[in-house]
Structure formats: structure tokens, C-alpha cells
file query_0.cif (mmCIF, C-alpha atoms)
data_structure
#
loop_
_atom_site.label_atom_id
_atom_site.label_comp_id
_atom_site.auth_asym_id
_atom_site.auth_seq_id
_atom_site.Cartn_x
_atom_site.Cartn_y
_atom_site.Cartn_z
CA MET A 101 -31.60 -24.33 -81.39
CA GLU A 102 -30.06 -22.34 -78.57
CA LEU A 103 -29.22 -18.74 -79.38
CA THR A 104 -25.62 -17.67 -79.04
CA ASP A 105 -24.54 -14.71 -76.91
CA ALA A 106 -24.06 -12.74 -80.14
CA ASP A 107 -27.68 -13.46 -81.19
CA LEU A 108 -28.99 -12.30 -77.82
CA VAL A 109 -26.87 -9.15 -77.92
CA ALA A 110 -28.21 -8.44 -81.42
CA ARG A 111 -31.78 -8.75 -80.13
CA VAL A 112 -31.08 -6.35 -77.29
CA LEU A 113 -29.55 -3.92 -79.78
CA ALA A 114 -32.36 -4.19 -82.32
CA ASP A 115 -35.40 -4.12 -80.05
CA ASP A 116 -34.21 -3.34 -76.51
CA ASP A 117 -35.31 -6.92 -75.86
CA GLN A 118 -35.14 -7.27 -72.07
CA HIS A 119 -36.03 -10.98 -72.25
CA ALA A 120 -32.92 -11.56 -74.36
CA PHE A 121 -30.89 -9.56 -71.88
CA GLY A 122 -32.38 -11.62 -69.06
CA GLU A 123 -31.13 -14.76 -70.81
CA LEU A 124 -27.63 -13.27 -71.00
CA VAL A 125 -27.75 -12.50 -67.27
CA ARG A 126 -28.97 -16.03 -66.48
CA ARG A 127 -26.14 -17.55 -68.54
CA HIS A 128 -23.33 -15.51 -67.04
CA GLN A 129 -24.48 -14.68 -63.51
CA SER A 130 -22.71 -17.62 -61.93
CA SER A 131 -19.29 -16.92 -63.43
CA VAL A 132 -19.49 -13.16 -62.85
CA ARG A 133 -20.66 -13.53 -59.26
CA GLY A 134 -18.02 -16.22 -58.72
CA LEU A 135 -15.28 -13.95 -60.08
CA LEU A 136 -16.41 -11.06 -57.89
CA ARG A 137 -16.65 -13.28 -54.83
CA GLN A 138 -13.03 -14.24 -55.38
CA LEU A 139 -12.01 -10.62 -55.86
CA THR A 140 -13.87 -9.44 -52.77
CA ARG A 141 -12.55 -12.38 -50.73
CA THR A 142 -15.93 -14.09 -50.46
CA ASP A 143 -17.88 -11.02 -49.36
CA ILE A 144 -21.04 -12.40 -50.95
CA ALA A 145 -23.28 -9.37 -50.45
CA LEU A 146 -20.73 -6.95 -51.89
CA ALA A 147 -19.92 -9.31 -54.76
CA ASP A 148 -23.60 -9.60 -55.70
CA ASP A 149 -24.09 -5.84 -55.53
CA LEU A 150 -21.12 -5.36 -57.84
CA ALA A 151 -22.37 -8.08 -60.19
CA GLN A 152 -25.75 -6.35 -60.38
CA GLU A 153 -24.04 -3.04 -61.10
CA ALA A 154 -21.92 -4.72 -63.79
CA PHE A 155 -24.95 -6.16 -65.59
CA LEU A 156 -26.73 -2.80 -65.46
CA ARG A 157 -23.68 -1.15 -67.01
CA VAL A 158 -23.58 -3.82 -69.68
CA TYR A 159 -27.22 -3.06 -70.59
CA LYS A 160 -26.65 0.70 -70.67
CA ASN A 161 -23.47 0.42 -72.75
CA ILE A 162 -24.34 -2.54 -74.94
CA ARG A 163 -24.18 -0.35 -78.05
CA SER A 164 -20.47 0.08 -77.46
CA PHE A 165 -19.93 -3.71 -77.64
CA ARG A 166 -18.42 -4.18 -81.07
CA GLY A 167 -18.21 -7.96 -81.01
CA GLU A 168 -14.43 -8.01 -81.47
CA ALA A 169 -14.03 -10.08 -78.30
CA ARG A 170 -16.32 -12.67 -76.73
CA PHE A 171 -19.28 -11.20 -74.86
CA SER A 172 -18.07 -12.90 -71.67
CA THR A 173 -14.66 -11.19 -71.97
CA TRP A 174 -16.34 -7.80 -72.29
CA LEU A 175 -18.61 -8.64 -69.37
CA TYR A 176 -15.69 -9.68 -67.13
CA ARG A 177 -13.93 -6.45 -67.99
CA ILE A 178 -16.92 -4.38 -66.89
CA ALA A 179 -17.29 -6.49 -63.73
CA TYR A 180 -13.61 -6.04 -62.95
CA ASN A 181 -13.90 -2.29 -63.47
CA CYS A 182 -16.87 -2.20 -61.07
CA PHE A 183 -14.78 -4.02 -58.49
CA ARG A 184 -11.79 -1.75 -59.05
CA GLU A 185 -13.84 1.43 -58.70
CA ASP A 186 -15.46 0.12 -55.55
CA ALA A 187 -12.10 -0.95 -54.12
CA ARG A 188 -10.65 2.45 -54.92
CA ARG A 189 -13.54 4.05 -53.10
CA ARG A 190 -12.88 1.82 -50.14
CA LYS A 191 -9.10 2.21 -50.48
CA GLU A 192 -8.71 -1.55 -50.34
CA LEU A 193 -6.87 -2.17 -53.57
CA VAL A 194 -3.73 -3.39 -51.80
CA GLY A 195 -3.96 -7.18 -51.69
CA VAL A 196 -2.26 -9.28 -49.04
CA ASP A 197 1.48 -8.79 -48.66
CA GLU A 198 3.91 -11.70 -48.82
CA ASP A 199 4.54 -11.82 -45.05
CA GLN A 200 0.85 -12.06 -44.32
CA TRP A 201 0.52 -14.71 -47.01
CA GLN A 202 3.31 -16.75 -45.47
CA ALA A 203 1.87 -16.33 -41.97
CA GLU A 204 -1.59 -17.43 -43.00
CA GLN A 205 -0.55 -20.65 -44.69
CA ASP A 206 -0.21 -22.48 -41.40
CA PRO A 207 -1.85 -25.88 -41.99
CA GLN A 208 -3.35 -25.90 -38.50
CA THR A 209 -5.53 -22.88 -39.23
CA VAL A 210 -7.54 -24.36 -42.08
CA ASP A 211 -10.18 -27.03 -42.28
CA PRO A 212 -9.38 -30.24 -44.11
CA GLY A 213 -10.68 -30.76 -47.62
CA LEU A 214 -9.07 -29.93 -50.90
CA ARG A 215 -11.80 -27.57 -52.08
CA HIS A 216 -11.70 -25.52 -48.92
CA ASP A 217 -7.90 -25.48 -48.91
CA LEU A 218 -7.78 -24.43 -52.52
CA MET A 219 -10.27 -21.58 -52.12
CA HIS A 220 -8.52 -20.46 -48.96
CA ALA A 221 -5.15 -20.50 -50.71
CA LEU A 222 -6.66 -18.56 -53.60
CA ASN A 223 -7.93 -15.91 -51.22
CA LEU A 224 -4.46 -15.50 -49.77
CA LEU A 225 -2.93 -14.58 -53.13
CA PRO A 226 -2.29 -10.91 -53.84
CA LEU A 227 -5.11 -9.35 -55.81
CA HIS A 228 -3.31 -9.17 -59.17
CA GLU A 229 -2.27 -12.85 -59.04
CA ARG A 230 -5.66 -13.99 -57.71
CA THR A 231 -7.50 -12.16 -60.48
CA ALA A 232 -5.25 -13.59 -63.19
CA VAL A 233 -5.55 -17.13 -61.81
CA VAL A 234 -9.35 -16.91 -61.46
CA LEU A 235 -9.78 -15.57 -64.98
CA CYS A 236 -7.35 -17.90 -66.75
CA CYS A 237 -7.35 -21.11 -64.71
CA GLN A 238 -10.86 -21.09 -63.28
CA ASN A 239 -12.91 -19.32 -65.97
CA GLY A 240 -10.91 -20.57 -68.94
CA LEU A 241 -9.96 -17.22 -70.48
CA SER A 242 -6.84 -17.13 -72.63
CA HIS A 243 -3.95 -14.97 -71.45
CA ASP A 244 -4.77 -12.55 -74.21
CA GLU A 245 -8.41 -12.28 -73.12
CA ALA A 246 -7.38 -11.80 -69.49
CA ALA A 247 -5.01 -9.02 -70.56
CA ARG A 248 -7.95 -7.29 -72.24
CA VAL A 249 -10.14 -7.70 -69.18
CA LEU A 250 -7.51 -6.40 -66.79
CA GLU A 251 -6.11 -3.83 -69.23
CA ILE A 252 -2.54 -4.87 -68.50
CA PRO A 253 0.22 -6.22 -70.79
CA LEU A 254 0.07 -9.85 -71.87
CA GLY A 255 3.46 -10.59 -70.28
CA THR A 256 2.22 -9.32 -66.91
CA VAL A 257 -0.78 -11.64 -67.07
CA LYS A 258 1.45 -14.62 -67.84
CA THR A 259 3.77 -13.73 -64.94
CA ASN A 260 0.85 -13.29 -62.53
CA VAL A 261 -0.68 -16.62 -63.54
CA LEU A 262 2.67 -18.37 -63.21
CA ARG A 263 3.38 -16.91 -59.76
CA GLY A 264 -0.16 -17.53 -58.57
CA ARG A 265 -0.05 -21.14 -59.71
CA GLU A 266 3.29 -21.73 -58.01
CA LYS A 267 2.02 -20.33 -54.73
CA LEU A 268 -1.13 -22.42 -54.92
CA LYS A 269 0.89 -25.55 -55.62
CA ARG A 270 3.21 -24.86 -52.70
CA THR A 271 0.29 -24.21 -50.40
CA LEU A 272 -1.55 -27.33 -51.46
CA ALA A 273 1.59 -29.42 -51.09
CA ALA A 274 2.01 -28.14 -47.53
CA TRP A 275 -1.62 -28.65 -46.60
CA GLY A 276 -1.94 -32.26 -47.58
CA PRO A 277 -4.00 -34.09 -50.23
CA ASN A 278 -3.39 -33.39 -53.87
CA MET B 300 3.77 -31.12 -56.39
CA ILE B 301 0.74 -31.16 -58.69
CA ASP B 302 0.96 -30.15 -62.35
CA ASP B 303 -0.74 -27.13 -63.97
CA GLU B 304 -3.47 -29.18 -65.61
CA THR B 305 -4.50 -30.85 -62.36
CA LEU B 306 -4.43 -27.54 -60.51
CA ASP B 307 -6.64 -25.86 -63.15
CA ARG B 308 -9.08 -28.77 -63.04
CA GLN B 309 -9.26 -28.61 -59.27
CA LEU B 310 -9.79 -24.86 -59.40
CA ARG B 311 -12.67 -25.29 -61.85
CA GLU B 312 -14.21 -28.02 -59.73
CA ALA B 313 -13.81 -25.92 -56.58
CA ALA B 314 -15.78 -23.07 -58.14
CA SER B 315 -19.26 -24.52 -57.79
CA TYR B 316 -22.18 -23.16 -59.83
CA ILE B 317 -23.93 -20.29 -58.08
CA ASN B 318 -27.70 -20.67 -58.23
CA ASP B 319 -29.59 -17.72 -59.65
CA ASP B 320 -31.90 -17.36 -56.59
CA GLY B 321 -33.68 -14.33 -58.03
CA PHE B 322 -30.50 -12.53 -59.10
CA THR B 323 -31.60 -12.22 -62.74
CA ALA B 324 -35.03 -10.95 -61.68
CA ARG B 325 -33.43 -8.27 -59.50
CA VAL B 326 -31.23 -7.12 -62.40
CA ILE B 327 -34.17 -7.02 -64.83
CA ALA B 328 -36.25 -5.08 -62.29
CA ARG B 329 -33.56 -2.39 -62.17
CA LEU B 330 -33.24 -1.98 -65.94
CA PRO B 331 -34.43 1.37 -67.28
CA ALA B 332 -37.92 1.23 -68.80
CA VAL B 333 -37.99 0.87 -72.57
CA ARG B 334 -39.32 4.08 -74.14
CA ARG B 335 -41.14 3.25 -77.31
CA GLU B 336 -43.86 5.23 -79.10
CA PRO B 337 -46.95 3.16 -79.91
CA GLN B 338 -47.18 1.93 -83.52
CA TRP B 339 -50.40 3.85 -84.22
CA LEU B 340 -48.67 7.10 -83.22
CA ARG B 341 -45.85 6.46 -85.70
CA ALA B 342 -48.37 5.72 -88.46
CA LEU B 343 -50.34 8.83 -87.57
CA ILE B 344 -47.23 11.03 -87.72
CA VAL B 345 -46.20 9.63 -91.13
CA LEU B 346 -49.73 10.05 -92.51
CA GLY B 347 -50.02 13.55 -91.07
CA LEU B 348 -46.70 14.62 -92.60
CA ALA B 349 -47.71 13.16 -95.99
CA LEU B 350 -51.02 15.07 -95.94
CA LEU B 351 -49.26 18.23 -94.83
CA GLY B 352 -46.72 17.89 -97.65
CA THR B 353 -49.50 17.39 -100.20
CA GLY B 354 -51.40 20.38 -98.84
CA VAL B 355 -48.32 22.61 -99.00
CA ALA B 356 -47.61 21.46 -102.58
CA CYS B 357 -51.20 22.28 -103.60
CA VAL B 358 -51.13 25.69 -101.97
CA ILE B 359 -47.77 26.65 -103.47
CA GLY B 360 -48.67 25.34 -106.93
CA GLY B 361 -52.13 26.93 -106.86
CA GLY B 362 -53.80 23.53 -107.31
CA HIS B 363 -53.25 23.32 -111.08
CA VAL B 364 -49.87 21.53 -110.74
CA VAL B 365 -51.49 18.40 -109.33
CA ARG B 366 -54.34 18.50 -111.89
CA GLU B 367 -51.91 18.90 -114.78
CA GLY B 368 -49.76 16.12 -113.43
CA ILE B 369 -52.68 13.73 -113.40
CA ILE B 370 -53.63 14.73 -116.97
CA GLU B 371 -50.01 14.15 -118.09
CA PHE B 372 -50.08 10.74 -116.49
CA ALA B 373 -53.31 9.88 -118.22
CA ASN B 374 -51.73 10.69 -121.58
CA PHE B 375 -48.82 8.28 -121.06
CA PRO B 376 -48.88 5.06 -123.11
CA ILE B 377 -50.09 2.09 -121.10
CA TRP B 378 -46.80 0.16 -121.35
CA LEU B 379 -44.92 3.11 -119.85
CA LEU B 380 -47.36 3.23 -116.94
CA LEU B 381 -46.86 -0.51 -116.42
CA VAL B 382 -43.07 -0.11 -116.39
CA PHE B 383 -43.39 2.80 -113.96
CA ALA B 384 -45.67 0.78 -111.65
CA PHE B 385 -43.32 -2.21 -111.81
CA GLY B 386 -40.32 0.02 -111.02
CA CYS B 387 -42.13 1.56 -108.05
CA GLY B 388 -42.97 -1.95 -106.80
CA LEU B 389 -39.33 -3.00 -107.06
CA VAL B 390 -38.10 0.04 -105.14
CA VAL B 391 -40.71 -0.37 -102.38
CA GLY B 392 -39.99 -4.12 -102.21
CA ALA B 393 -36.23 -3.52 -101.93
CA PHE B 394 -36.75 -1.10 -99.05
CA ALA B 395 -39.07 -3.60 -97.34
CA VAL B 396 -36.45 -6.39 -97.64
CA ILE B 397 -33.67 -4.15 -96.30
CA PHE B 398 -35.86 -3.07 -93.38
CA ALA B 399 -36.85 -6.68 -92.62
CA ILE B 400 -33.19 -7.82 -92.62
CA ARG B 401 -32.22 -4.94 -90.32
CA LYS B 402 -34.97 -5.93 -87.92
CA THR B 403 -34.10 -9.65 -87.89
CA PRO B 404 -30.70 -10.39 -86.32
CA GLU B 405 -30.65 -14.05 -87.41
CA VAL B 406 -31.14 -13.14 -91.09
CA ARG B 407 -28.63 -10.29 -90.81
CA ASP B 408 -26.03 -12.69 -89.40
CA LEU B 409 -26.86 -15.20 -92.13
CA THR B 410 -26.49 -12.71 -94.98
CA ARG B 411 -23.42 -11.06 -93.37
CA LEU B 412 -24.68 -7.76 -94.78
CA ASP B 413 -23.74 -4.66 -92.86
CA PHE B 414 -26.73 -2.28 -93.05
#
call {"tool": "encode", "arguments": {"input": "query_0.cif", "output": "C-alpha cells"}}
result
Amino acid sequence: MELTDADLVARVLADDDQHAFGELVRRHQSSVRGLLRQLTRTDIALADDLAQEAFLRVYKNIRSFRGEARFSTWLYRIAYNCFREDARRRKELVGVDEDQWQAEQDPQTVDPGLRHDLMHALNLLPLHERTAVVLCCQNGLSHDEAARVLEIPLGTVKTNVLRGREKLKRTLAAWGPN
Amino acid sequence: MIDDETLDRQLREAASYINDDGFTARVIARLPAVRREPQWLRALIVLGLALLGTGVACVIGGGHVVREGIIEFANFPIWLLLVFAFGCGLVVGAFAVIFAIRKTPEVRDLTRLDF
């Protein structure tokens, strides 16, 4: 029988079991690295450094995980905080403005292929909409969970998801296959 | 224009699985080392403290307290000694069960007891 995340967390808490923690990292590394790659606009090296930092923080602070939310929600929150702190250090927490977004959606500038188009369109969204869309639409978090991760009101999450979706749909409609 | 469900599905499909490629190993390598005293050291400390406590009790009581205690015990009726031994066994057993449950997450989750 496969252990749940809660079982593995309990093992880490009880015995500092690093094998159990390794299993948690293995399970969630793809989604966390994927989220951070989206947030850093596919800067893979930076995203992986931040993901590593996030997992180390999770290990150091695992005693503060009270199990009220899913482990993955707590993990995303820490990963997002790592990104935010890094972005603040780099003074890059500004996103892409609407004019730039409009300018960059020229169909001639992108390669064909729905996947590429979609990821490109996602990268053109402002940071707050991109983050909400990635968490809710791509990683399957509920609006409530995303609000906890991002530490913003539930209504703001819903608005960001809605606006992000609309922009993606418009972009995909302009670029071709759907 | 595509609907929300199709867009979400396409977004999930577009996010391909990222292979571990040594990522987990790098994280584990950077974890702080687990500091844990060896078991024999713990046992030695407990034994040492017990002997020290006994020694202090003997010194303070002048030695006769322990001797008189043993004599008192010897004068107890056998059934009372049996009850006392049984009670001690129950108490020690209860502590052992509680400790075992605390140390075993699966059992703790099963019993839903908050120790």
C-alpha cells in the first residue's frame, strides 16, 4: 500500500526520516519545478534553484505544518514565497504590461503547435494572472487553496483566473488550432 | 472560442512531467545532518541517573531507610505483593503502549489519539 503524503510527513516528524522526505520530494518535484518555471518565465536554472530552496525550507519548517490543508498546498505556498522573495531581490515583480502583452501576441512571431502556443501565451500573462491560472487550471488547486497559497482574497483569485483564461482563449483563437 | 474545460485540459497536457534527473538527490544532499545520540548513550544516562538517585537516597537516609523498606515489604501478605506487582506491570505496560503508538505514525492515525 502506498503511503499518503500525511503518512510521510508523520514519519519525518517522528524520526527525522530523510528517506520519507525524499519520497515527498520525488512525488512533488515535477509540479513544483513546473510551477516555478512558469513563474520565472521558463528560466530553468533559476526555477530549479528556487525549487531546491523551497524543499529545504519545507524540511526545516515541517513541524509548523499542521495538516489543515493538503501538503501540496503548503508546499506551493512555500515555493511561491521563495519565488516572491527572489523576485523582490531582483526587483522583477512587475509582470508584463497590457501593451507588451498585446504587442507580443503577433501570430507570426510564434512557432506552430498548440502546446508551444499555449505555453507562450501563458508566459505573456501578467504574473498574478499567470500564477492563478497555473495553480488552478494546470495544477488542479481549488480557488480556495490558491488563495491560501498566494495569500490573497478568494475573490481576487477568481478574478485573476477568469481574466487569465479569457486572455488565453483570445490568444489561442488568434493563433490558430483549438 | 474554446470552453474552460478544454482550456484546462490543454493546459494540463501542455505541462509535461519533469524528470527528476538527480533533483531529489541534490535536495537530500543539502538537508541538515540528523543529530541523534546513540541508543547506548541514552541507556547509560538513564542507568547512571538511577544509580545516582539511589546513592543520594542511601546517603541522605543513612542506609537504614532502604533496609527498613525491604523488611516492611517482606512482612506484606503475599496477595498484596501480587496485586502490587500486577499494578506495576499494568502501569509499565500502559506507558510502553503509549510510547509505541507515539512512535508509529500509522497506528497513531488509526487510533486517532492525540498524544
call {"tool": "residues_around", "arguments": {"input": "query_0.cif", "residues": "Thr173 of chain A", "least_positions_apart": "5", "cutoff": "12 Å", "atoms": "all atoms listed in the file", "output": "list in words"}}
result
Asp105, His128, Ser131, Val132, Val158, Phe165, Gly167, Glu168, Ile178, Ala179, Tyr180, Leu235, Cys236, Asn239, Gly240, Leu241, Ser242, His243, Asp244, Glu245, Ala246, Ala247, Arg248, Val249, Leu250 and Glu251 of chain A
call {"tool": "resolve_selection", "arguments": {"input": "query_0.cif", "expression": "the PyMOL selection byres ((chain B) within 6 of (chain A))", "output": "MDAnalysis selection string"}}
result
chainID B and resid 300 307 310:311 313 316:317 323 326 404
call {"tool": "closest_residue", "arguments": {"input": "query_0.cif", "among": "A:Ile252, A:Arg230, A:Asp143, A:Ala120", "to": "Arg177 of chain A", "atoms": "all atoms listed in the file"}}
result
A:Ile252
call {"tool": "atom_distance", "arguments": {"input": "query_0.cif", "atom1": "atom CA of Ala232 of chain A", "atom2": "atom CA of Asn181 of chain A"}}
result
14.2 Å
call {"tool": "atom_distance", "arguments": {"input": "query_0.cif", "atom1": "atom CA of Leu348 of chain B", "atom2": "atom CA of Gly360 of chain B"}}
result
18.0 Å
call {"tool": "atom_distance", "arguments": {"input": "query_0.cif", "atom1": "atom CA of Arg141 of chain A", "atom2": "atom CA of His220 of chain A"}}
result
9.2 Å
call {"tool": "resolve_selection", "arguments": {"input": "query_0.cif", "expression": "the PyMOL selection byres ((chain A and resi 260) around 8)", "output": "PyMOL selection string"}}
result
chain A and resi 228-229+232-233+256-259+261-264
